[in-house]
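Working notes, beginning with the structure itself.
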Amino acid sequence: SSRSAGTAEGSRRTVLSTSMVDISGLLREEQVLNARLEHETGPEIAWLDASAHSHCPLEPLHKLELPFWLASRLHQFDHVTIEMPEMYSDGPRRDMEADAAHMNLRGCCDHYFEIGKEVSVLLNDRDLLKHLKDAFVKRFHDLLGPALSATAKVDTTSRKKNLTMAERALFDAGQLSKRGYDKWRLERGAKLEASKYAARNKRKLGRV
(Lines give C-alpha, C1' and ligand atoms only; values in the text may rest on other atoms or scores of the structure.)
Protein backbone atom coordinates (compact mmCIF):
# COMPACT_ATOMS: atom_id res chain seq x y z
CA SER A 1 0.00 0.00 0.00
CA SER A 2 0.96 3.65 -0.31
CA ARG A 3 1.26 3.97 3.47
CA SER A 4 3.67 1.02 3.76
CA ALA A 5 5.67 2.33 0.81
CA GLY A 6 5.93 5.72 2.47
CA THR A 7 7.03 4.12 5.73
CA ALA A 8 9.69 2.08 3.93
CA GLU A 9 10.98 5.18 2.15
CA GLY A 10 11.12 7.10 5.44
CA SER A 11 13.03 4.27 7.10
CA ARG A 12 15.50 4.16 4.21
CA ARG A 13 16.17 7.89 4.51
CA THR A 14 16.67 7.56 8.27
CA VAL A 15 19.23 4.78 7.80
CA LEU A 16 21.07 6.78 5.15
CA SER A 17 21.17 9.95 7.28
CA THR A 18 22.41 8.15 10.39
CA SER A 19 25.03 6.17 8.48
CA MET A 20 26.62 9.16 6.81
CA VAL A 21 30.13 9.89 8.03
CA ASP A 22 31.34 13.43 8.72
CA ILE A 23 34.72 13.19 6.97
CA SER A 24 35.63 16.74 7.99
CA GLY A 25 34.88 15.93 11.62
CA LEU A 26 36.99 12.78 11.52
CA LEU A 27 39.95 14.65 10.05
CA ARG A 28 39.58 17.36 12.67
CA GLU A 29 39.62 14.78 15.47
CA GLU A 30 42.95 13.45 14.18
CA GLN A 31 44.75 16.77 14.74
CA VAL A 32 47.81 16.02 16.90
CA LEU A 33 48.21 17.85 20.21
CA ASN A 34 51.05 17.84 22.72
CA ALA A 35 50.17 16.75 26.23
CA ARG A 36 51.94 15.79 29.48
CA LEU A 37 51.03 12.98 31.82
CA GLU A 38 49.70 13.99 35.22
CA HIS A 39 50.64 10.71 36.91
CA GLU A 40 52.62 7.54 36.35
CA THR A 41 51.02 4.92 34.15
CA GLY A 42 51.44 1.20 33.98
CA PRO A 43 53.34 -0.49 31.15
CA GLU A 44 50.05 -1.65 29.63
CA ILE A 45 49.46 1.79 28.14
CA ALA A 46 53.04 2.56 27.17
CA TRP A 47 51.76 2.34 23.59
CA LEU A 48 50.65 5.96 24.01
CA ASP A 49 54.25 6.85 23.20
CA ALA A 50 55.60 4.93 20.23
CA SER A 51 59.19 5.78 21.24
CA ALA A 52 58.83 4.41 24.80
CA HIS A 53 59.76 0.89 25.89
CA SER A 54 56.70 -1.32 25.72
CA HIS A 55 57.38 -2.91 29.14
CA CYS A 56 58.17 0.25 31.10
CA PRO A 57 55.69 2.62 32.78
CA LEU A 58 55.46 6.22 31.69
CA GLU A 59 56.58 8.77 34.26
CA PRO A 60 54.63 11.87 35.33
CA LEU A 61 55.17 14.88 33.02
CA HIS A 62 56.09 12.51 30.20
CA LYS A 63 55.41 14.33 26.94
CA LEU A 64 52.98 12.72 24.51
CA GLU A 65 51.70 13.48 21.02
CA LEU A 66 48.06 12.45 20.89
CA PRO A 67 45.20 12.86 18.41
CA PHE A 68 42.67 15.44 19.53
CA TRP A 69 39.92 12.89 20.21
CA LEU A 70 42.14 11.04 22.69
CA ALA A 71 43.95 14.03 24.21
CA SER A 72 40.71 15.87 24.95
CA ARG A 73 39.19 12.85 26.68
CA LEU A 74 42.27 12.15 28.82
CA HIS A 75 42.49 15.85 29.69
CA GLN A 76 38.89 15.89 30.91
CA PHE A 77 39.66 13.05 33.31
CA ASP A 78 42.91 14.69 34.53
CA HIS A 79 45.15 11.98 33.11
CA VAL A 80 47.01 14.46 30.91
CA THR A 81 47.31 18.23 30.54
CA ILE A 82 47.07 19.55 27.01
CA GLU A 83 49.71 22.11 26.08
CA MET A 84 48.69 25.21 24.16
CA PRO A 85 49.44 24.50 20.48
CA GLU A 86 52.08 26.80 19.00
CA MET A 87 49.63 28.11 16.38
CA TYR A 88 47.56 29.69 19.18
CA SER A 89 50.47 31.04 21.23
CA ASP A 90 51.12 34.74 21.89
CA GLY A 91 53.26 35.29 18.78
CA PRO A 92 50.72 34.01 16.24
CA ARG A 93 47.95 35.85 18.10
CA ARG A 94 49.81 39.14 17.69
CA ASP A 95 50.41 38.40 14.01
CA MET A 96 46.72 37.64 13.56
CA GLU A 97 45.69 40.89 15.23
CA ALA A 98 48.06 42.83 12.97
CA ASP A 99 47.08 41.23 9.64
CA ALA A 100 44.51 38.46 9.97
CA ALA A 101 43.49 38.52 6.31
CA HIS A 102 46.89 37.43 5.01
CA MET A 103 47.75 34.75 7.57
CA ASN A 104 48.24 31.28 6.09
CA LEU A 105 45.93 29.40 8.44
CA ARG A 106 45.64 26.47 6.09
CA GLY A 107 49.35 25.90 6.59
CA CYS A 108 48.82 25.85 10.36
CA CYS A 109 45.74 23.65 10.44
CA ASP A 110 42.87 23.14 8.03
CA HIS A 111 40.52 23.25 11.03
CA TYR A 112 42.18 26.19 12.76
CA PHE A 113 39.05 27.79 14.20
CA GLU A 114 37.27 24.58 15.18
CA ILE A 115 40.28 23.10 16.98
CA GLY A 116 41.03 26.47 18.58
CA LYS A 117 37.52 26.71 19.96
CA GLU A 118 37.77 23.24 21.50
CA VAL A 119 41.21 23.99 22.96
CA SER A 120 39.97 27.28 24.46
CA VAL A 121 37.21 25.37 26.27
CA LEU A 122 39.52 22.62 27.50
CA LEU A 123 42.11 25.11 28.79
CA ASN A 124 39.52 27.68 29.91
CA ASP A 125 41.21 30.34 27.78
CA ARG A 126 38.57 32.99 27.08
CA ASP A 127 41.12 35.28 25.48
CA LEU A 128 41.78 32.64 22.81
CA LEU A 129 38.06 32.38 22.11
CA LYS A 130 37.83 36.15 21.60
CA HIS A 131 40.94 36.09 19.43
CA LEU A 132 39.44 33.40 17.20
CA LYS A 133 36.14 35.25 16.85
CA ASP A 134 37.81 38.54 15.94
CA ALA A 135 40.14 36.84 13.45
CA PHE A 136 37.31 34.93 11.81
CA VAL A 137 35.21 38.08 11.36
CA LYS A 138 38.14 40.00 9.82
CA ARG A 139 38.96 37.20 7.41
CA PHE A 140 35.30 36.68 6.50
CA HIS A 141 34.88 40.30 5.44
CA ASP A 142 38.10 40.07 3.43
CA LEU A 143 37.03 36.95 1.48
CA LEU A 144 33.41 38.05 0.97
CA GLY A 145 34.20 40.64 -1.73
CA PRO A 146 36.31 38.35 -3.93
CA ALA A 147 33.83 35.50 -3.50
CA LEU A 148 30.91 37.62 -4.71
CA SER A 149 32.80 39.29 -7.54
CA ALA A 150 34.75 36.41 -9.08
CA THR A 151 33.22 35.06 -12.30
CA ALA A 152 33.14 31.40 -13.28
CA LYS A 153 36.14 31.96 -15.56
CA VAL A 154 38.36 33.40 -12.82
CA ASP A 155 40.89 31.03 -11.22
CA THR A 156 40.47 31.48 -7.44
CA THR A 157 43.13 28.94 -6.45
CA SER A 158 45.62 31.54 -5.26
CA ARG A 159 42.92 33.45 -3.40
CA LYS A 160 41.85 30.34 -1.49
CA LYS A 161 45.27 28.82 -0.80
CA ASN A 162 45.56 30.33 2.70
CA LEU A 163 41.96 29.65 3.75
CA THR A 164 40.88 26.95 6.17
CA MET A 165 38.38 24.29 5.11
CA ALA A 166 35.48 26.22 6.64
CA GLU A 167 36.58 29.44 4.93
CA ARG A 168 36.90 27.71 1.56
CA ALA A 169 33.37 26.37 1.98
CA LEU A 170 32.12 29.90 2.66
CA PHE A 171 34.02 31.24 -0.35
CA ASP A 172 32.52 28.58 -2.62
CA ALA A 173 29.04 29.20 -1.21
CA GLY A 174 29.41 32.92 -1.96
CA GLN A 175 30.42 32.19 -5.54
CA LEU A 176 27.51 29.82 -6.07
CA SER A 177 25.05 32.36 -4.63
CA LYS A 178 26.39 35.10 -6.91
CA ARG A 179 26.19 32.89 -9.99
CA GLY A 180 22.66 31.85 -9.06
CA TYR A 181 21.63 35.47 -8.70
CA ASP A 182 23.25 36.45 -12.01
CA LYS A 183 21.47 33.58 -13.76
CA TRP A 184 18.12 34.60 -12.26
CA ARG A 185 18.66 38.23 -13.28
CA LEU A 186 19.44 37.28 -16.87
CA GLU A 187 16.39 35.06 -17.08
CA ARG A 188 14.14 37.76 -15.72
CA GLY A 189 15.70 40.44 -17.84
CA ALA A 190 17.48 43.59 -16.82
CA LYS A 191 14.21 45.32 -15.93
CA LEU A 192 12.21 44.13 -12.92
CA GLU A 193 8.46 44.53 -13.32
CA ALA A 194 6.16 45.43 -10.46
CA SER A 195 3.63 42.77 -9.49
CA LYS A 196 0.00 43.11 -10.57
CA TYR A 197 -0.96 43.43 -6.91
CA ALA A 198 1.36 46.41 -6.45
CA ALA A 199 0.05 48.01 -9.67
CA ARG A 200 -3.58 47.70 -8.50
CA ASN A 201 -2.71 49.25 -5.14
CA LYS A 202 -0.96 52.11 -6.91
CA ARG A 203 -4.09 52.81 -9.02
CA LYS A 204 -6.31 52.72 -5.95
CA LEU A 205 -4.07 55.18 -4.12
CA GLY A 206 -4.17 57.45 -7.18
CA ARG A 207 -7.97 57.56 -7.07
CA VAL A 208 -8.10 58.47 -3.36
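Residue numbering restarts at 1 in every chain; chains get A, B, ... in the order shown in the C-alpha coordinates, and ligands count up from 1 in that same order.
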
task: From a DSSP calculation on the backbone, collect every residue of region 48-150 of chain A in alpha helix (DSSP H) and output the set as a PyMOL selection string.
output: chain A and resi 68-76+90-99+105-108+112-122+126-149

- request: Tell me which protein, DNA and RNA residues are within 9 Å of Glu114 (chain A), counting only C-alpha atoms, leaving out same-chain ones fewer than 3 positions away, and put them as a list of chain:residue names.
  value: A:Arg28, A:His111, A:Lys117, A:Glu118, A:Val119, A:Ala166

Keeping only all heavy atoms, write the selected residues as a PDB file, in the first residue's frame.
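Done, and the output landed in out31.pdb:
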```
ATOM      1  N   ARG A  28      39.333  16.395  11.597  1.00  0.00           N
ATOM      2  CA  ARG A  28      39.580  17.358  12.673  1.00  0.00           C
ATOM      3  C   ARG A  28      39.985  16.643  13.961  1.00  0.00           C
ATOM      4  O   ARG A  28      40.869  17.095  14.682  1.00  0.00           O
ATOM      5  CB  ARG A  28      38.316  18.192  12.896  1.00  0.00           C
ATOM      6  CG  ARG A  28      38.470  19.273  13.953  1.00  0.00           C
ATOM      7  CD  ARG A  28      37.290  20.208  13.965  1.00  0.00           C
ATOM      8  NE  ARG A  28      36.051  19.552  14.374  1.00  0.00           N
ATOM      9  CZ  ARG A  28      35.015  19.342  13.572  1.00  0.00           C
ATOM     10  NH1 ARG A  28      35.056  19.707  12.303  1.00  0.00           N
ATOM     11  NH2 ARG A  28      33.916  18.763  14.015  1.00  0.00           N
ATOM     12  N   HIS A 111      41.667  23.044  10.139  1.00  0.00           N
ATOM     13  CA  HIS A 111      40.518  23.246  11.032  1.00  0.00           C
ATOM     14  C   HIS A 111      40.922  24.200  12.159  1.00  0.00           C
ATOM     15  O   HIS A 111      40.615  23.974  13.323  1.00  0.00           O
ATOM     16  CB  HIS A 111      40.055  21.910  11.607  1.00  0.00           C
ATOM     17  CG  HIS A 111      39.726  20.895  10.564  1.00  0.00           C
ATOM     18  ND1 HIS A 111      38.534  20.876   9.879  1.00  0.00           N
ATOM     19  CD2 HIS A 111      40.455  19.865  10.055  1.00  0.00           C
ATOM     20  CE1 HIS A 111      38.528  19.882   9.017  1.00  0.00           C
ATOM     21  NE2 HIS A 111      39.686  19.259   9.100  1.00  0.00           N
ATOM     22  N   LYS A 117      38.681  26.575  19.071  1.00  0.00           N
ATOM     23  CA  LYS A 117      37.519  26.709  19.963  1.00  0.00           C
ATOM     24  C   LYS A 117      37.508  25.604  21.005  1.00  0.00           C
ATOM     25  O   LYS A 117      37.263  25.851  22.200  1.00  0.00           O
ATOM     26  CB  LYS A 117      36.230  26.671  19.135  1.00  0.00           C
ATOM     27  CG  LYS A 117      34.971  26.764  19.976  1.00  0.00           C
ATOM     28  CD  LYS A 117      33.718  26.625  19.113  1.00  0.00           C
ATOM     29  CE  LYS A 117      32.470  26.602  19.978  1.00  0.00           C
ATOM     30  NZ  LYS A 117      31.241  26.393  19.163  1.00  0.00           N
ATOM     31  N   GLU A 118      37.761  24.368  20.563  1.00  0.00           N
ATOM     32  CA  GLU A 118      37.774  23.240  21.496  1.00  0.00           C
ATOM     33  C   GLU A 118      38.902  23.379  22.522  1.00  0.00           C
ATOM     34  O   GLU A 118      38.714  23.108  23.712  1.00  0.00           O
ATOM     35  CB  GLU A 118      37.927  21.930  20.721  1.00  0.00           C
ATOM     36  CG  GLU A 118      36.794  21.617  19.769  1.00  0.00           C
ATOM     37  CD  GLU A 118      35.506  21.258  20.485  1.00  0.00           C
ATOM     38  OE1 GLU A 118      35.553  20.991  21.699  1.00  0.00           O
ATOM     39  OE2 GLU A 118      34.455  21.258  19.820  1.00  0.00           O
ATOM     40  N   VAL A 119      40.068  23.815  22.062  1.00  0.00           N
ATOM     41  CA  VAL A 119      41.206  23.992  22.964  1.00  0.00           C
ATOM     42  C   VAL A 119      40.919  25.093  23.985  1.00  0.00           C
ATOM     43  O   VAL A 119      41.247  24.973  25.174  1.00  0.00           O
ATOM     44  CB  VAL A 119      42.490  24.318  22.173  1.00  0.00           C
ATOM     45  CG1 VAL A 119      43.607  24.787  23.107  1.00  0.00           C
ATOM     46  CG2 VAL A 119      42.949  23.100  21.389  1.00  0.00           C
ATOM     47  N   ALA A 166      36.738  25.511   6.428  1.00  0.00           N
ATOM     48  CA  ALA A 166      35.476  26.223   6.640  1.00  0.00           C
ATOM     49  C   ALA A 166      35.422  27.496   5.808  1.00  0.00           C
ATOM     50  O   ALA A 166      34.379  27.832   5.232  1.00  0.00           O
ATOM     51  CB  ALA A 166      35.309  26.549   8.122  1.00  0.00           C
TER      52      ALA A 166
END
```

- request: Find the spatial neighbours of Glu59 (chain A), counting only C-alpha atoms, within a cut-off of 8 Å - ignore same-chain residues fewer than 4 positions away - and output them as a PyMOL selection string.
  value: chain A and resi 37+39-41

How would the residues just picked look written out with N, CA, C and O atoms as an mmCIF file, in the first residue's frame?
```
data_model
loop_
_atom_site.group_PDB
_atom_site.id
_atom_site.type_symbol
_atom_site.label_atom_id
_atom_site.label_comp_id
_atom_site.auth_asym_id
_atom_site.auth_seq_id
_atom_site.Cartn_x
_atom_site.Cartn_y
_atom_site.Cartn_z
ATOM 1 N N LEU A 37 51.688 13.847 30.843
ATOM 2 C CA LEU A 37 51.025 12.982 31.816
ATOM 3 C C LEU A 37 50.964 13.643 33.188
ATOM 4 O O LEU A 37 51.915 14.295 33.620
ATOM 5 N N HIS A 39 50.280 11.740 35.932
ATOM 6 C CA HIS A 39 50.642 10.712 36.911
ATOM 7 C C HIS A 39 51.317 9.551 36.189
ATOM 8 O O HIS A 39 51.252 9.443 34.969
ATOM 9 N N GLU A 40 51.955 8.690 36.948
ATOM 10 C CA GLU A 40 52.620 7.536 36.354
ATOM 11 C C GLU A 40 51.580 6.563 35.816
ATOM 12 O O GLU A 40 50.494 6.418 36.377
ATOM 13 N N THR A 41 51.917 5.916 34.733
ATOM 14 C CA THR A 41 51.018 4.923 34.150
ATOM 15 C C THR A 41 51.699 3.567 34.122
ATOM 16 O O THR A 41 52.930 3.464 34.155
#
```

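As for CA of Pro57 (chain A) and CA of Glu83 (chain A), they are spaced 21.5 Å apart.
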
Need to verify the contact set: His75 (chain A), 10 Å, only C-alpha atoms, exclusion of same-chain residues closer than 6 positions in sequence. Can you return it as a PDB file with N, CA and C atoms, in the first residue's frame?
```
ATOM      1  N   ALA A  35      50.732  16.853  24.888  1.00  0.00           N
ATOM      2  CA  ALA A  35      50.173  16.750  26.233  1.00  0.00           C
ATOM      3  C   ALA A  35      51.216  16.140  27.158  1.00  0.00           C
ATOM      4  N   ARG A  36      51.026  16.373  28.471  1.00  0.00           N
ATOM      5  CA  ARG A  36      51.942  15.791  29.475  1.00  0.00           C
ATOM      6  C   ARG A  36      51.145  14.981  30.481  1.00  0.00           C
ATOM      7  N   LEU A  37      51.688  13.847  30.843  1.00  0.00           N
ATOM      8  CA  LEU A  37      51.025  12.982  31.816  1.00  0.00           C
ATOM      9  C   LEU A  37      50.964  13.643  33.188  1.00  0.00           C
ATOM     10  N   GLU A  38      49.876  13.445  33.871  1.00  0.00           N
ATOM     11  CA  GLU A  38      49.703  13.989  35.218  1.00  0.00           C
ATOM     12  C   GLU A  38      50.117  12.996  36.291  1.00  0.00           C
ATOM     13  N   THR A  81      47.582  16.804  30.710  1.00  0.00           N
ATOM     14  CA  THR A  81      47.314  18.230  30.541  1.00  0.00           C
ATOM     15  C   THR A  81      47.722  18.617  29.126  1.00  0.00           C
ATOM     16  N   ILE A  82      46.776  19.136  28.382  1.00  0.00           N
ATOM     17  CA  ILE A  82      47.067  19.551  27.013  1.00  0.00           C
ATOM     18  C   ILE A  82      47.879  20.840  27.030  1.00  0.00           C
ATOM     19  N   LEU A 122      38.778  23.566  26.669  1.00  0.00           N
ATOM     20  CA  LEU A 122      39.523  22.618  27.496  1.00  0.00           C
ATOM     21  C   LEU A 122      40.482  23.324  28.455  1.00  0.00           C
ATOM     22  N   LEU A 123      41.125  24.397  27.975  1.00  0.00           N
ATOM     23  CA  LEU A 123      42.108  25.113  28.787  1.00  0.00           C
ATOM     24  C   LEU A 123      41.515  26.346  29.466  1.00  0.00           C
TER      25      LEU A 123
END
```
